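Data block below; observations after.
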Amino acid sequence: MSHVKRLWPLLTATHRYDKSLSTRNRGAGQIIEAPILAYLIETSNGRILYDVGCDYNKIADPMQRTRYYDPQTFAFGAPEMQEEQRLPHHLARLGLTPADVDVVFIGHLHFDHAGGLCDVCGSEVHVQQDELNAAQAGVDAAYFQDDFNGQYPWKIMQGEYDLVPGVRAIATPGHTAGHMSLWIELPKGAPVILAGDAADLSENLEQEIAPGLCWQEQEGLALASIRKLKKLALEEQAQIWPNHDMAFWRTLRHFPKFHE
C-alpha cells in the first residue's frame, strides 16, 4: 500500500534556450521557455524532494553569474530565478523549513537540478554512483562542480529501489550516465512518473525523440529509457510528467495546490 499523501510541483525558475537542447537534432533556432521544477512528496514516512533547482546565488550575484554563465564557455544561458522561488520560500508557505525535508532525491546532477542543494543542505541526499562519477569527471559543462562538492549527507545508490512504499527510483540513463526518474503512487487517481530529463517535453515521449544532450552521445540509451517509461505507464495506467514543458506544467495544480 502506498504511503504517499500529497505531491507538490514547485516552480523554481524558468529558462529560455534553443529547443534543440531538449529535442535531439530538431528545433535548432527555435527559442522555448521551460520551467525548472522540483517536486515535494509528502508521505507517512516523511518528506521527499525530487530535485532542487538552481543555485540562486550563481544567478543573482553579478560576479558569479559572469563566472558560471559566461556565453563564451556556457552555451545554455542563465535561467531567470527570483528570490521567492528558492526552496526555503516554497517550504515556508507550507509552514515548513528545509529541516522538515527528510530525503533529497537528485535525478541527475546538472546545474538546474542540483544547484539548490545549498538551500536544503541538512537532508539525506540520494544520488546514483554512476551519476556522481560522471559529474566529477568534469567533461560535461552542465555540471557545476561546487554544486555537489559540499559536505552533504550523501547516500550513494546503485540501480532501482523503493524510497518508501509507493515511491520508487527508476533507472533512465541516457541524458546523463546515472539519470533516475521517480514513480509515485498517489492515494487518488493514476500513478505519476516524474520523467526528469529523460523527457523534457511531451514531444520527447510522443515522438520518441532523445534529449538534445546525451551522455557520451548515447542516443540509443536515451531512447531506450523513454520507451521504458512509456511501457511502464501503459502497463500500470500511469501518467508521465515531462520535466521542462511549459504547456504541460500549466496543466498541473500550481503551488500551494497539490496532487493527491
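We label chains A, B, ... in the order they appear in the C-alpha cells, count residues from 1 in each chain, and number ligands from 1 in the order shown.
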
Which residues are close to Leu182 in chain A, i.e. within 10 Å by only C-alpha atoms, leaving aside same-chain residues fewer than 4 positions away? Reply as a PDB file with N, CA, C and O atoms, in the first residue's frame.
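The resulting out-v6.pdb:
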ATOM      1  N   TYR A  50      12.235  15.775  -4.882  1.00  0.00           N
ATOM      2  CA  TYR A  50      12.867  15.327  -6.128  1.00  0.00           C
ATOM      3  C   TYR A  50      13.430  16.544  -6.835  1.00  0.00           C
ATOM      4  O   TYR A  50      12.683  17.412  -7.290  1.00  0.00           O
ATOM      5  N   PHE A 105      16.153  13.583  -3.321  1.00  0.00           N
ATOM      6  CA  PHE A 105      16.464  12.601  -4.360  1.00  0.00           C
ATOM      7  C   PHE A 105      16.829  13.371  -5.622  1.00  0.00           C
ATOM      8  O   PHE A 105      15.999  14.093  -6.180  1.00  0.00           O
ATOM      9  N   ILE A 106      18.093  13.266  -6.037  1.00  0.00           N
ATOM     10  CA  ILE A 106      18.574  14.003  -7.196  1.00  0.00           C
ATOM     11  C   ILE A 106      18.486  13.105  -8.430  1.00  0.00           C
ATOM     12  O   ILE A 106      19.159  12.076  -8.510  1.00  0.00           O
ATOM     13  N   GLY A 107      17.647  13.511  -9.393  1.00  0.00           N
ATOM     14  CA  GLY A 107      17.512  12.726 -10.611  1.00  0.00           C
ATOM     15  C   GLY A 107      18.792  12.705 -11.424  1.00  0.00           C
ATOM     16  O   GLY A 107      19.165  11.679 -11.994  1.00  0.00           O
ATOM     17  N   GLU A 160      17.776   0.549  -9.212  1.00  0.00           N
ATOM     18  CA  GLU A 160      16.418   0.902  -8.800  1.00  0.00           C
ATOM     19  C   GLU A 160      16.133   0.416  -7.379  1.00  0.00           C
ATOM     20  O   GLU A 160      16.653  -0.603  -6.942  1.00  0.00           O
ATOM     21  N   ASP A 162      13.050   1.148  -3.800  1.00  0.00           N
ATOM     22  CA  ASP A 162      11.933   1.860  -3.208  1.00  0.00           C
ATOM     23  C   ASP A 162      12.446   2.808  -2.129  1.00  0.00           C
ATOM     24  O   ASP A 162      13.169   2.380  -1.215  1.00  0.00           O
ATOM     25  N   LEU A 163      12.072   4.083  -2.247  1.00  0.00           N
ATOM     26  CA  LEU A 163      12.403   5.017  -1.170  1.00  0.00           C
ATOM     27  C   LEU A 163      11.484   4.773   0.018  1.00  0.00           C
ATOM     28  O   LEU A 163      11.925   4.741   1.164  1.00  0.00           O
ATOM     29  N   VAL A 167       6.851   4.995  -3.659  1.00  0.00           N
ATOM     30  CA  VAL A 167       7.830   5.877  -4.312  1.00  0.00           C
ATOM     31  C   VAL A 167       9.031   5.020  -4.706  1.00  0.00           C
ATOM     32  O   VAL A 167       9.731   4.499  -3.829  1.00  0.00           O
ATOM     33  N   ARG A 168       9.255   4.902  -6.002  1.00  0.00           N
ATOM     34  CA  ARG A 168      10.312   4.025  -6.495  1.00  0.00           C
ATOM     35  C   ARG A 168      11.218   4.763  -7.468  1.00  0.00           C
ATOM     36  O   ARG A 168      10.759   5.491  -8.353  1.00  0.00           O
ATOM     37  N   ALA A 169      12.522   4.586  -7.285  1.00  0.00           N
ATOM     38  CA  ALA A 169      13.525   5.143  -8.193  1.00  0.00           C
ATOM     39  C   ALA A 169      13.617   4.262  -9.430  1.00  0.00           C
ATOM     40  O   ALA A 169      13.800   3.049  -9.312  1.00  0.00           O
ATOM     41  N   ILE A 170      13.501   4.884 -10.603  1.00  0.00           N
ATOM     42  CA  ILE A 170      13.502   4.177 -11.877  1.00  0.00           C
ATOM     43  C   ILE A 170      14.731   4.613 -12.677  1.00  0.00           C
ATOM     44  O   ILE A 170      14.906   5.812 -12.954  1.00  0.00           O
ATOM     45  N   ALA A 171      15.551   3.664 -13.075  1.00  0.00           N
ATOM     46  CA  ALA A 171      16.757   3.976 -13.836  1.00  0.00           C
ATOM     47  C   ALA A 171      16.406   4.365 -15.265  1.00  0.00           C
ATOM     48  O   ALA A 171      15.772   3.597 -15.989  1.00  0.00           O
ATOM     49  N   THR A 172      16.822   5.573 -15.666  1.00  0.00           N
ATOM     50  CA  THR A 172      16.569   6.069 -17.023  1.00  0.00           C
ATOM     51  C   THR A 172      17.820   6.764 -17.564  1.00  0.00           C
ATOM     52  O   THR A 172      17.799   7.965 -17.861  1.00  0.00           O
ATOM     53  N   VAL A 192       1.904   8.625 -10.956  1.00  0.00           N
ATOM     54  CA  VAL A 192       2.660   9.623 -11.707  1.00  0.00           C
ATOM     55  C   VAL A 192       4.105   9.136 -11.830  1.00  0.00           C
ATOM     56  O   VAL A 192       4.683   8.636 -10.866  1.00  0.00           O
ATOM     57  N   ILE A 193       4.649   9.296 -13.030  1.00  0.00           N
ATOM     58  CA  ILE A 193       6.075   9.053 -13.243  1.00  0.00           C
ATOM     59  C   ILE A 193       6.721  10.403 -13.550  1.00  0.00           C
ATOM     60  O   ILE A 193       6.415  11.023 -14.570  1.00  0.00           O
ATOM     61  N   LEU A 194       7.565  10.868 -12.648  1.00  0.00           N
ATOM     62  CA  LEU A 194       8.339  12.077 -12.908  1.00  0.00           C
ATOM     63  C   LEU A 194       9.495  11.683 -13.816  1.00  0.00           C
ATOM     64  O   LEU A 194      10.433  11.007 -13.392  1.00  0.00           O
ATOM     65  N   ALA A 195       9.432  12.106 -15.080  1.00  0.00           N
ATOM     66  CA  ALA A 195      10.422  11.661 -16.057  1.00  0.00           C
ATOM     67  C   ALA A 195      11.790  12.249 -15.798  1.00  0.00           C
ATOM     68  O   ALA A 195      12.805  11.659 -16.166  1.00  0.00           O
ATOM     69  N   GLY A 196      11.831  13.424 -15.128  1.00  0.00           N
ATOM     70  CA  GLY A 196      13.102  14.133 -15.088  1.00  0.00           C
ATOM     71  C   GLY A 196      13.502  14.486 -16.506  1.00  0.00           C
ATOM     72  O   GLY A 196      12.661  14.640 -17.396  1.00  0.00           O
ATOM     73  N   ILE A 240       2.945  10.052 -17.322  1.00  0.00           N
ATOM     74  CA  ILE A 240       4.339  10.501 -17.331  1.00  0.00           C
ATOM     75  C   ILE A 240       4.347  12.021 -17.396  1.00  0.00           C
ATOM     76  O   ILE A 240       3.716  12.616 -18.271  1.00  0.00           O
TER      77      ILE A 240
END

Give one line per residue of range 10-83 of chain A that approaches range 202-214 of chain A to at most 9 Å, naming the two atoms of the closest pair and their distance in Å to one decimal, counting only C-alpha atoms; sort by chain then ascending residue number and deliver it as a tab-separated table.
residue	atom	partner	partner_atom	distance
A:Lys19	CA	A:Gly212	CA	8.3
A:Ser20	CA	A:Gly212	CA	5.5
A:Leu21	CA	A:Gly212	CA	4.2
A:Ser22	CA	A:Gly212	CA	4.7
A:Thr23	CA	A:Gly212	CA	4.8
A:Arg24	CA	A:Gly212	CA	3.8
A:Asn25	CA	A:Gly212	CA	6.9
A:Arg26	CA	A:Gly212	CA	8.4

Which residues come within 7 Å of Tyr143 in chain A, counting only C-alpha atoms, excluding same-chain residues fewer than 6 positions away, as a list in words? Leu109, His110, Phe111 and Ala135 of chain A

How about saving the chosen residues, C-alpha atoms kept, as a PDB file, in the first residue's frame?
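Generated file (part.pdb):
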ATOM      1  CA  LEU A 109      23.464  16.490 -11.109  1.00  0.00           C
ATOM      2  CA  HIS A 110      23.165  19.123 -13.850  1.00  0.00           C
ATOM      3  CA  PHE A 111      23.159  22.724 -12.619  1.00  0.00           C
ATOM      4  CA  ALA A 135      29.638  14.569 -12.755  1.00  0.00           C
TER       5      ALA A 135
END

Which residues come within 10 Å of Thr73 in chain A, counting only C-alpha atoms, excluding same-chain residues fewer than 5 positions away, as a short mmCIF file (atom, residue, chain, number, x, y, z; two decimals) with C-alpha atoms, in the first residue's frame?
data_model
loop_
_atom_site.label_atom_id
_atom_site.label_comp_id
_atom_site.auth_asym_id
_atom_site.auth_seq_id
_atom_site.Cartn_x
_atom_site.Cartn_y
_atom_site.Cartn_z
CA ARG A 67 31.77 33.17 -13.94
CA TYR A 68 29.23 30.39 -14.36
CA ALA A 141 29.63 21.77 -19.00
#

Shell of 9 Å around Gln218 in chain A, only C-alpha atoms, local chain residues under 5 positions omitted, as a PDB file with all heavy atoms, in the first residue's frame:
ATOM      1  N   GLY A 174      20.894   7.956 -20.074  1.00  0.00           N
ATOM      2  CA  GLY A 174      20.925   8.407 -21.466  1.00  0.00           C
ATOM      3  C   GLY A 174      21.199   9.892 -21.537  1.00  0.00           C
ATOM      4  O   GLY A 174      22.185  10.319 -22.114  1.00  0.00           O
ATOM      5  N   HIS A 175      20.324  10.688 -20.934  1.00  0.00           N
ATOM      6  CA  HIS A 175      20.618  12.129 -20.835  1.00  0.00           C
ATOM      7  C   HIS A 175      21.907  12.311 -20.048  1.00  0.00           C
ATOM      8  O   HIS A 175      22.775  13.098 -20.432  1.00  0.00           O
ATOM      9  CB  HIS A 175      19.454  12.850 -20.174  1.00  0.00           C
ATOM     10  CG  HIS A 175      19.699  14.305 -19.927  1.00  0.00           C
ATOM     11  ND1 HIS A 175      19.970  15.201 -20.935  1.00  0.00           N
ATOM     12  CD2 HIS A 175      19.730  15.027 -18.771  1.00  0.00           C
ATOM     13  CE1 HIS A 175      20.157  16.400 -20.424  1.00  0.00           C
ATOM     14  NE2 HIS A 175      20.022  16.316 -19.109  1.00  0.00           N
ATOM     15  N   LEU A 223      16.843   6.808 -25.805  1.00  0.00           N
ATOM     16  CA  LEU A 223      15.590   6.348 -26.408  1.00  0.00           C
ATOM     17  C   LEU A 223      15.054   5.109 -25.689  1.00  0.00           C
ATOM     18  O   LEU A 223      13.841   4.969 -25.498  1.00  0.00           O
ATOM     19  CB  LEU A 223      15.800   6.054 -27.885  1.00  0.00           C
ATOM     20  CG  LEU A 223      15.998   7.284 -28.780  1.00  0.00           C
ATOM     21  CD1 LEU A 223      16.371   6.857 -30.195  1.00  0.00           C
ATOM     22  CD2 LEU A 223      14.738   8.144 -28.794  1.00  0.00           C
TER      23      LEU A 223
END

Residues within 10 Å of Ala75 in chain A, only C-alpha atoms, excluding chain neighbours under 4 positions, as a count of residues only: 8

Would you pick out the contacts of Met157 in chain A at 10 Å or less, using only C-alpha atoms, so that residues sharing its chain but fewer than 3 positions from it are not included, and give the list as a list in words? His126, Val127, Gln128, Gln129, Asp130, Glu131, Leu132, Trp154, Glu160, Tyr161 and Gly178 of chain A
